[in-house]
$ cat model-v3.csv   # CSV, C-alpha atoms and all ligand atoms
chain,number,residue,atom,x,y,z
A,649,MET,CA,125.9,35.3,57.5
A,650,ASN,CA,122.3,35.1,58.6
A,651,LEU,CA,120.9,38.6,58.1
A,652,LEU,CA,117.7,39.2,60.1
A,653,PRO,CA,115.1,41.6,58.7
A,654,VAL,CA,115.4,45.1,60.3
A,655,ALA,CA,111.7,45.6,60.8
A,656,GLN,CA,110.2,44.1,64.0
A,657,THR,CA,106.8,43.5,62.3
A,658,GLN,CA,106.8,39.9,61.2
A,659,VAL,CA,103.5,38.9,59.9
A,660,PRO,CA,103.4,35.3,58.5
A,661,PRO,CA,103.2,35.4,54.7
A,662,GLY,CA,99.8,35.8,53.3
A,663,VAL,CA,98.3,36.8,56.7
A,664,ILE,CA,96.5,40.2,57.1
A,665,ASP,CA,97.1,41.2,60.7
A,666,LEU,CA,94.5,43.9,61.5
A,667,GLY,CA,95.8,43.9,65.1
A,668,LEU,CA,99.1,45.6,64.3
A,669,GLY,CA,99.5,49.1,65.8
A,670,ASN,CA,102.3,50.2,63.5
A,671,PRO,CA,102.3,53.0,60.8
A,672,PRO,CA,102.7,51.5,57.3
A,673,LEU,CA,106.1,51.6,55.8
A,674,SER,CA,104.8,53.7,52.9
A,675,THR,CA,104.2,56.6,55.3
A,676,LEU,CA,107.7,56.7,56.9
A,677,PRO,CA,109.3,59.8,55.3
A,678,LEU,CA,112.8,58.9,54.3
A,679,ASP,CA,113.3,62.0,52.1
A,680,LEU,CA,112.3,64.4,54.9
A,681,ILE,CA,114.7,62.7,57.3
A,682,ARG,CA,117.5,62.5,54.7
A,683,THR,CA,117.3,66.2,54.0
A,684,ALA,CA,117.3,67.2,57.7
A,685,ALA,CA,120.2,64.7,58.4
A,686,HIS,CA,122.2,66.2,55.5
A,687,ASP,CA,121.6,69.7,56.9
A,688,ALA,CA,122.6,68.7,60.4
A,689,LEU,CA,125.7,66.8,59.3
A,690,THR,CA,127.1,69.4,56.8
A,691,GLN,CA,127.1,72.5,59.1
A,692,SER,CA,130.0,73.2,61.4
A,693,ASP,CA,128.5,72.8,64.9
A,694,ASN,CA,129.4,69.4,66.1
A,695,SER,CA,128.1,69.8,69.7
A,696,PHE,CA,125.3,67.3,69.2
A,697,LEU,CA,128.0,64.6,69.1
A,698,GLN,CA,128.9,65.5,72.7
A,699,TYR,CA,127.0,64.2,75.8
A,700,GLY,CA,123.8,66.3,75.9
A,701,THR,CA,122.2,68.4,78.6
A,702,GLU,CA,120.0,66.2,80.9
A,703,GLN,CA,116.7,67.6,79.9
A,704,GLY,CA,117.4,67.2,76.2
A,705,ASP,CA,118.9,69.4,73.4
A,706,GLY,CA,117.9,73.0,74.1
A,707,TYR,CA,117.5,74.0,70.4
A,708,PHE,CA,115.4,71.0,69.7
A,709,ARG,CA,113.2,71.7,72.8
A,710,ALA,CA,112.7,75.3,71.6
A,711,ALA,CA,111.6,74.1,68.1
A,712,LEU,CA,109.3,71.5,69.7
A,713,ALA,CA,107.8,74.0,72.1
A,714,ASP,CA,106.9,76.2,69.1
A,715,PHE,CA,105.4,73.3,67.3
A,716,LEU,CA,103.4,72.2,70.3
A,717,SER,CA,102.2,75.7,71.1
A,718,LYS,CA,100.7,75.8,67.6
A,719,GLY,CA,99.2,72.3,67.6
A,720,TYR,CA,97.9,72.5,71.2
A,721,GLU,CA,96.7,76.1,70.9
A,722,PHE,CA,98.2,77.3,74.2
A,723,PRO,CA,101.8,78.2,75.0
A,724,VAL,CA,104.2,75.4,75.7
A,725,TYR,CA,107.7,76.4,77.0
A,726,ALA,CA,111.0,74.6,76.3
A,727,GLU,CA,111.7,74.5,80.1
A,728,ASN,CA,108.6,72.3,80.5
A,729,LEU,CA,109.8,69.7,78.0
A,730,PHE,CA,112.1,66.7,78.7
A,731,ILE,CA,113.3,64.7,75.7
A,732,THR,CA,112.7,60.9,75.9
A,733,SER,CA,113.2,57.9,73.6
A,734,GLY,CA,109.5,57.7,73.1
A,735,ILE,CA,106.5,57.1,75.4
A,736,SER,CA,107.4,53.5,76.3
A,737,ASN,CA,110.8,54.9,77.6
A,738,ALA,CA,109.0,57.7,79.4
A,739,LEU,CA,106.6,55.3,81.2
A,740,ASP,CA,109.6,53.2,82.3
A,741,LEU,CA,111.4,56.3,83.6
A,742,LEU,CA,108.3,57.4,85.5
A,743,CYS,CA,107.9,54.0,87.1
A,744,SER,CA,111.6,54.0,88.0
A,745,PHE,CA,111.6,57.5,89.6
A,746,PHE,CA,108.1,57.8,91.1
A,747,THR,CA,107.2,54.2,92.2
A,748,LYS,CA,108.7,51.2,93.9
A,749,ALA,CA,107.7,47.5,93.6
A,750,GLY,CA,104.3,46.9,95.3
A,751,ASP,CA,103.1,50.5,94.9
A,752,THR,CA,99.6,51.0,93.5
A,753,ILE,CA,98.7,52.7,90.3
A,754,PHE,CA,95.4,53.2,88.5
A,755,VAL,CA,94.7,52.5,84.8
A,756,GLU,CA,91.7,52.8,82.6
A,757,GLU,CA,89.8,49.5,82.0
A,758,PRO,CA,90.6,48.7,79.2
A,759,SER,CA,94.1,50.1,78.6
A,760,TYR,CA,97.1,49.9,76.3
A,761,PHE,CA,98.3,46.3,76.8
A,762,LEU,CA,102.0,47.1,76.4
A,763,ALA,CA,101.9,49.9,79.0
A,764,LEU,CA,100.4,47.2,81.3
A,765,LYS,CA,103.5,45.1,80.6
A,766,ILE,CA,105.8,48.0,81.6
A,767,PHE,CA,103.9,48.3,84.9
A,768,ALA,CA,104.2,44.6,85.4
A,769,ASP,CA,108.0,44.8,84.8
A,770,HIS,CA,108.1,47.3,87.8
A,771,HIS,CA,105.9,44.9,89.9
A,772,LEU,CA,103.2,47.6,90.5
A,773,ASN,CA,99.8,46.8,91.8
A,774,VAL,CA,97.5,47.8,89.0
A,775,ILE,CA,93.9,48.8,89.8
A,776,PRO,CA,91.5,49.2,86.8
A,777,ILE,CA,89.1,52.1,86.8
A,778,GLU,CA,85.8,51.9,85.0
A,779,THR,CA,85.3,53.7,81.7
A,780,ASP,CA,82.2,54.4,79.5
A,781,ASP,CA,81.9,55.7,76.0
A,782,ARG,CA,83.4,59.0,77.1
A,783,GLY,CA,86.4,57.5,78.8
A,784,LEU,CA,87.4,57.3,82.4
A,785,ILE,CA,84.4,57.8,84.8
A,786,PRO,CA,85.5,60.4,87.5
A,787,ALA,CA,82.9,59.1,90.0
A,788,SER,CA,84.5,55.6,89.7
A,789,LEU,CA,87.9,57.1,90.2
A,790,ALA,CA,86.7,59.1,93.3
A,791,GLY,CA,85.1,55.9,94.7
A,792,THR,CA,88.3,53.9,94.3
A,793,LEU,CA,90.4,56.7,95.9
A,794,ASP,CA,88.4,56.2,99.1
A,795,SER,CA,90.1,52.8,99.6
A,796,ALA,CA,93.4,53.0,97.6
A,797,SER,CA,96.2,55.6,97.2
A,798,PRO,CA,97.8,55.4,93.8
A,799,LYS,CA,101.2,56.8,92.9
A,800,PHE,CA,99.8,57.7,89.6
A,801,LEU,CA,96.8,57.3,87.2
A,802,TYR,CA,97.8,56.3,83.7
A,803,LEU,CA,95.3,57.2,81.0
A,804,ILE,CA,95.1,57.8,77.2
A,805,PRO,CA,92.8,60.8,77.0
A,806,ALA,CA,92.4,61.2,73.2
A,807,PHE,CA,91.5,58.5,70.8
A,808,GLN,CA,92.4,55.9,73.3
A,809,ASN,CA,94.1,52.6,72.6
A,810,PRO,CA,92.2,50.3,72.3
A,811,THR,CA,88.7,52.0,72.4
A,812,GLY,CA,89.3,55.1,70.3
A,813,ARG,CA,87.4,57.2,72.9
A,814,THR,CA,88.1,60.7,74.0
A,815,LEU,CA,87.8,62.1,77.5
A,816,PRO,CA,85.6,65.3,77.5
A,817,GLN,CA,86.9,68.6,79.0
A,818,GLU,CA,84.8,68.5,82.1
A,819,ARG,CA,86.0,65.0,83.1
A,820,ARG,CA,89.6,66.2,82.6
A,821,GLU,CA,89.1,69.0,85.0
A,822,GLU,CA,87.4,66.8,87.5
A,823,ILE,CA,90.3,64.3,87.3
A,824,VAL,CA,92.8,67.1,87.9
A,825,ARG,CA,90.8,68.2,91.0
A,826,LEU,CA,90.9,64.7,92.3
A,827,ALA,CA,94.7,64.5,91.7
A,828,GLU,CA,95.2,67.7,93.7
A,829,LYS,CA,92.9,66.5,96.5
A,830,TYR,CA,94.3,63.0,96.8
A,831,ASN,CA,97.9,63.9,95.8
A,832,PHE,CA,98.6,61.5,92.9
A,833,LEU,CA,100.2,62.1,89.5
A,834,ILE,CA,98.2,62.0,86.2
A,835,VAL,CA,100.3,60.3,83.6
A,836,ALA,CA,98.5,61.2,80.3
A,837,ASP,CA,99.7,59.3,77.3
A,838,GLU,CA,98.8,61.8,74.5
A,839,VAL,CA,100.3,59.8,71.6
A,840,TYR,CA,97.2,60.3,69.4
A,841,GLN,CA,96.4,63.9,70.4
A,842,LEU,CA,97.5,65.4,67.1
A,843,LEU,CA,96.1,62.6,64.9
A,844,ASN,CA,92.5,63.8,64.8
A,845,TYR,CA,90.5,63.3,61.6
A,846,SER,CA,86.9,64.4,62.1
A,847,GLN,CA,86.8,65.8,65.6
A,848,GLN,CA,89.2,68.0,67.5
A,849,PRO,CA,89.9,66.6,71.0
A,850,PRO,CA,89.9,68.9,74.0
A,851,LYS,CA,93.3,70.4,74.9
A,852,PRO,CA,95.8,67.8,76.2
A,853,PHE,CA,96.5,67.3,79.9
A,854,GLY,CA,99.7,69.3,79.2
A,855,ALA,CA,97.3,72.3,79.7
A,856,TYR,CA,97.3,71.6,83.4
A,857,VAL,CA,101.1,71.3,84.1
A,858,ASP,CA,100.9,74.2,86.5
A,859,SER,CA,98.9,72.0,88.9
A,860,GLN,CA,102.2,70.0,89.4
A,861,ARG,CA,100.1,66.8,89.2
A,862,VAL,CA,100.3,66.3,85.5
A,863,VAL,CA,102.8,64.5,83.3
A,864,SER,CA,101.8,64.6,79.6
A,865,LEU,CA,103.6,62.2,77.3
A,866,GLY,CA,104.1,62.8,73.5
A,867,SER,CA,106.0,60.9,70.8
A,868,PHE,CA,107.1,61.1,67.2
A,869,SER,CA,106.2,57.4,66.7
A,870,LYS,CA,102.7,57.9,65.2
A,871,ILE,CA,103.1,61.4,63.7
A,872,LEU,CA,106.5,60.7,61.9
A,873,ALA,CA,108.4,57.4,62.5
A,874,PRO,CA,108.7,55.0,65.5
A,875,GLY,CA,112.3,54.1,64.5
A,876,LEU,CA,113.5,57.5,65.6
A,877,ARG,CA,112.7,56.5,69.2
A,878,LEU,CA,112.1,60.1,70.1
A,879,GLY,CA,109.4,61.7,72.3
A,880,TRP,CA,108.9,64.1,75.1
A,881,ILE,CA,107.5,64.6,78.6
A,882,HIS,CA,105.6,67.9,79.1
A,883,SER,CA,105.4,68.7,82.8
A,884,HIS,CA,106.2,71.2,85.6
A,885,ALA,CA,109.9,71.9,86.0
A,886,ASN,CA,109.8,70.5,89.6
A,887,ILE,CA,108.7,67.1,88.2
A,888,LEU,CA,111.2,67.2,85.3
A,889,ASN,CA,114.1,68.1,87.7
A,890,ARG,CA,113.5,64.9,89.6
A,891,ILE,CA,114.0,62.9,86.4
A,892,ALA,CA,116.9,65.0,85.1
A,893,ASN,CA,118.8,64.7,88.4
A,894,SER,CA,118.9,60.9,88.2
A,895,GLY,CA,122.0,58.8,88.0
A,896,LEU,CA,120.9,57.7,84.5
A,897,LEU,CA,121.1,61.2,83.1
A,898,ASP,CA,124.0,62.3,85.2
A,899,SER,CA,126.0,59.5,83.7
A,900,GLY,CA,124.7,59.3,80.2
A,901,GLY,CA,123.6,62.9,79.6
A,902,GLY,CA,120.3,63.8,77.9
A,903,LEU,CA,118.6,61.2,75.7
A,904,ASN,CA,119.2,61.1,71.9
A,905,PRO,CA,121.0,64.3,71.2
A,906,PHE,CA,122.0,63.1,67.7
A,907,THR,CA,118.4,62.3,66.6
A,908,SER,CA,117.2,65.5,68.3
A,909,ALA,CA,119.6,67.6,66.2
A,910,ILE,CA,118.2,66.0,63.0
A,911,MET,CA,114.6,66.3,64.2
A,912,ARG,CA,115.1,70.0,65.0
A,913,GLY,CA,115.3,70.7,61.3
A,914,VAL,CA,112.2,68.5,60.5
A,915,VAL,CA,110.2,70.4,63.1
A,916,ALA,CA,111.4,73.9,62.4
A,917,SER,CA,111.0,73.6,58.6
A,918,GLY,CA,107.3,72.7,58.9
A,919,GLY,CA,108.0,69.2,57.6
A,920,LEU,CA,106.4,67.6,60.6
A,921,GLU,CA,103.3,69.6,60.3
A,922,SER,CA,102.9,68.7,56.6
A,923,ASN,CA,103.6,65.0,57.4
A,924,ILE,CA,100.7,65.1,59.9
A,925,GLY,CA,98.5,66.7,57.3
A,926,ARG,CA,99.2,63.8,54.9
A,927,LEU,CA,98.7,61.1,57.5
A,928,LYS,CA,95.3,62.6,58.5
A,929,GLN,CA,94.0,62.5,55.0
A,930,LYS,CA,95.2,59.0,54.3
A,931,TYR,CA,93.9,57.6,57.6
A,932,ALA,CA,90.6,59.3,57.4
A,933,ASN,CA,90.0,57.5,54.1
A,934,GLN,CA,91.0,54.2,55.7
A,935,ILE,CA,88.4,54.7,58.5
A,936,ALA,CA,85.7,55.0,55.9
A,937,VAL,CA,86.9,51.8,54.1
A,938,MET,CA,87.0,49.8,57.4
A,939,ASP,CA,83.6,51.1,58.4
A,940,GLU,CA,82.1,50.2,55.1
A,941,ALA,CA,83.7,46.7,55.1
A,942,LEU,CA,82.5,46.0,58.7
A,943,SER,CA,78.9,47.0,58.0
A,944,ARG,CA,78.9,44.8,54.9
A,945,HIS,CA,80.7,41.7,56.2
A,946,LEU,CA,80.4,41.8,60.0
A,947,PRO,CA,77.1,43.4,61.0
A,948,GLN,CA,77.3,41.4,64.3
A,949,ALA,CA,80.1,43.9,65.5
A,950,GLN,CA,79.0,47.1,67.3
A,951,TYR,CA,81.4,50.0,67.4
A,952,ALA,CA,81.6,53.8,67.5
A,953,LEU,CA,83.3,55.4,64.5
A,954,PRO,CA,86.8,56.6,65.6
A,955,HIS,CA,87.5,60.3,65.1
A,956,GLY,CA,91.3,60.0,65.5
A,957,GLY,CA,94.0,57.6,66.5
A,958,TYR,CA,94.5,54.1,65.0
A,959,PHE,CA,91.8,51.8,66.2
A,960,PHE,CA,88.2,50.4,65.9
A,961,TRP,CA,87.0,48.7,69.1
A,962,LEU,CA,84.5,46.0,68.2
A,963,GLN,CA,81.9,44.6,70.6
A,964,PHE,CA,80.4,41.2,69.9
A,965,PRO,CA,77.6,39.4,71.7
A,966,PRO,CA,78.6,38.4,75.3
A,967,ARG,CA,78.9,34.7,74.3
A,968,VAL,CA,81.8,35.4,71.9
A,969,ASP,CA,85.3,34.9,73.2
A,970,ALA,CA,87.7,36.8,70.9
A,971,SER,CA,90.8,35.1,72.4
A,972,GLU,CA,89.3,31.7,71.5
A,973,LEU,CA,88.5,33.0,68.0
A,974,ARG,CA,92.1,34.1,67.6
A,975,THR,CA,93.3,30.5,68.2
A,976,ARG,CA,91.8,29.6,64.9
A,977,ALA,CA,92.5,32.9,63.0
A,978,SER,CA,95.7,31.6,61.3
A,979,ALA,CA,93.6,29.1,59.4
A,980,PHE,CA,91.8,32.1,57.9
A,981,LYS,CA,95.0,34.0,57.3
A,982,VAL,CA,93.8,36.9,59.4
A,983,ASP,CA,94.7,38.3,62.9
A,984,PHE,CA,93.6,40.9,65.4
A,985,ARG,CA,94.1,41.7,69.1
A,986,PRO,CA,91.5,40.2,71.4
A,987,GLY,CA,89.9,42.5,74.1
A,988,ALA,CA,91.2,40.4,77.0
A,989,LEU,CA,94.7,41.6,76.3
A,990,PHE,CA,93.7,45.1,77.3
A,991,SER,CA,91.9,44.2,80.5
A,992,SER,CA,93.4,44.3,84.0
A,993,ASN,CA,90.6,42.3,85.5
A,994,GLY,CA,90.0,39.4,83.1
A,995,GLY,CA,87.2,41.2,81.2
A,996,MET,CA,86.7,42.5,77.7
A,997,LYS,CA,86.4,38.9,76.3
A,998,ASN,CA,83.8,39.8,73.6
A,999,PHE,CA,85.8,42.7,72.3
A,1000,MET,CA,88.4,43.0,69.5
A,1001,ARG,CA,90.8,45.7,68.5
A,1002,LEU,CA,91.4,46.4,64.8
A,1003,CYS,CA,93.8,48.9,63.4
A,1004,PHE,CA,92.8,50.9,60.3
A,1005,VAL,CA,96.1,52.5,59.4
A,1006,TYR,CA,98.5,49.7,58.5
A,1007,TYR,CA,96.9,48.2,55.4
A,1008,GLU,CA,95.7,49.8,52.2
A,1009,ALA,CA,91.9,49.8,51.3
A,1010,GLU,CA,92.0,46.5,49.4
A,1011,GLN,CA,93.7,44.5,52.2
A,1012,ILE,CA,91.4,46.1,54.8
A,1013,GLU,CA,88.4,44.9,52.9
A,1014,GLU,CA,89.9,41.4,52.4
A,1015,GLY,CA,90.9,41.2,56.1
A,1016,ILE,CA,87.4,42.0,57.2
A,1017,ARG,CA,86.0,39.5,54.8
A,1018,ARG,CA,88.3,36.8,56.3
A,1019,LEU,CA,87.2,37.9,59.8
A,1020,ARG,CA,83.7,37.2,58.8
A,1021,GLU,CA,84.6,33.7,57.7
A,1022,LEU,CA,86.4,33.1,61.0
A,1023,TYR,CA,83.5,34.5,62.9
A,1024,LEU,CA,80.9,32.4,61.1
A,1025,SER,CA,82.9,29.3,61.7
A,1026,SER,CA,83.1,29.9,65.4
A,1027,ALA,CA,81.5,27.4,67.8
A,1028,ALA,CA,80.1,30.4,69.8
A,1029,PHE,CA,78.2,31.6,66.8
A,1030,THR,CA,76.9,28.2,65.7
A,1031,ALA,CA,75.9,27.3,69.3
A,1032,ALA,CA,73.8,30.4,69.6
B,1101,LIG,C1,98.8,54.4,73.8
B,1101,LIG,C2,100.2,54.2,73.3
B,1101,LIG,N1,101.2,54.6,74.0
B,1101,LIG,C3,102.5,54.4,73.6
B,1101,LIG,C4,102.8,53.8,72.5
B,1101,LIG,C5,104.2,53.6,72.1
B,1101,LIG,O1,104.8,54.8,71.9
B,1101,LIG,P1,106.4,55.0,71.7
B,1101,LIG,O2,106.7,54.4,70.3
B,1101,LIG,O3,106.6,56.4,71.7
B,1101,LIG,O4,107.2,54.3,72.7
B,1101,LIG,C6,101.8,53.3,71.7
B,1101,LIG,C7,102.1,52.6,70.4
B,1101,LIG,O5,101.3,51.9,69.9
B,1101,LIG,C8,100.4,53.6,72.1
B,1101,LIG,O6,99.4,53.2,71.4
$ encode --input "model-v3.csv" --output "structure tokens"
Amino acid sequence: MNLLPVAQTQVPPGVIDLGLGNPPLSTLPLDLIRTAAHDALTQSDNSFLQYGTEQGDGYFRAALADFLSKGYEFPVYAENLFITSGISNALDLLCSFFTKAGDTIFVEEPSYFLALKIFADHHLNVIPIETDDRGLIPASLAGTLDSASPKFLYLIPAFQNPTGRTLPQERREEIVRLAEKYNFLIVADEVYQLLNYSQQPPKPFGAYVDSQRVVSLGSFSKILAPGLRLGWIHSHANILNRIANSGLLDSGGGLNPFTSAIMRGVVASGGLESNIGRLKQKYANQIAVMDEALSRHLPQAQYALPHGGYFFWLQFPPRVDASELRTRASAFKVDFRPGALFSSNGGMKNFMRLCFVYYEAEQIEEGIRRLRELYLSSAAFTAA
């Protein structure tokens, strides 16, 4: 029998892929999950083996609401949470229930490339909105709203993928005002909200659910383990009801009651909070390592130091084409994600996304050294 490896991440042997956006295996807490699974499977209540309530396991939503209230520093209520199989799943559900093929949506330029793929699956017309070093520019959004009516605006407000940037409070408020005026939904992907290392971001968009224009998406993928396929939508009950009343949930029941029953223990015991504390410490060190390696080996790259999330966003001189560089990267046993992947209008060619969480210090240092070799070998560089 030909057994395939269980992990999706397949980096060719010897290659350091600084483009990967995965947590490292060493951080995935098997012991924590084992203990919680043992507890859930040795008590007498077997109701989590039944079809679940449409909005998601009530006990789990209550534990999650407590956890989020503490982490977000404002009250989050269980009735405003809907359990998903992660943010990718939530985006797909929102596209299914709030759009039809040909509808317009707005995204940040640049944006998370795999969300763009989900929007393409739903045949949506994607209009990019300009950003600067503080994220989406409300004036550009307002300008585009004069000529187009989006079903929703998708944005990653804290420690954005790929730029690492965070949207300030006043811009958030302005965007909510525009959503109310022009009647569109804000789909805020807050996957990195709780992974802040040196700067606390503003409150998540979940703080504005009463506006009935906000859908805030969370996930356990980056704060615990992506294999759980578990996340949540935080929104107004009227919006959640539209999803919960779908045929999908009517037929199959709420999503992931089994995993939710196990995760309830992890969340309620404080295990999730301690796990996040450990990740923050580890990743903050890795930012320092990558920063040091970049300034030593690749002074040609300009970047702002990330204060949270997973990524460095490097800008090179305009003549550099990172997609072209990548075609020769395997010869140098290194990889990254070129900026063009994240663009909805063919831009960002001279940018590169690097992830600082996946590799340990020594490999980060070696990966950046290899990037330097690749960069120096590039025709763009020598032609300059
Ligand atoms: C911005 C963003 N959204 C969503 C995801 C995927 O989340 P999930 O695993 O919950 O589907 C990622 C993972 O890299 C991400 O960076």
$ residues_around --input "model-v3.csv" --residues "A:Arg820" --least-positions-apart "5" --cutoff "12 Å" --atoms "all atoms listed in the file" --output "PyMOL selection string"
chain A and resi 782-786+789+803-806+814-815+825-827+834+836+849-856+862
$ closest_residue --input "model-v3.csv" --among "A:Ser736, A:Ser717, A:Asn694, A:Asn831" --to "A:Ser869" --atoms "only C-alpha atoms"
A:Ser736
$ atom_distance --input "model-v3.csv" --atom1 "atom CA of A:Ser846" --atom2 "atom CA of A:His955"
5.1 Å
$ residues_near_ligand --input "model-v3.csv" --ligand "ligand LIG 1101 (chain B)" --cutoff "10 Å" --atoms "all atoms listed in the file" --output "JSON, numbers by chain"
{"A": [668, 669, 670, 671, 732, 733, 734, 735, 736, 737, 738, 739, 740, 759, 760, 761, 762, 763, 803, 804, 805, 806, 807, 808, 809, 810, 836, 837, 838, 839, 840, 865, 866, 867, 868, 869, 870, 873, 874, 875, 876, 877, 878, 879, 880, 957, 958, 959]}
$ closest_residue --input "model-v3.csv" --among "A:Gln848, A:Ala892, A:Glu940, A:Ile881" --to "A:Tyr720" --atoms "all atoms listed in the file"
A:Gln848
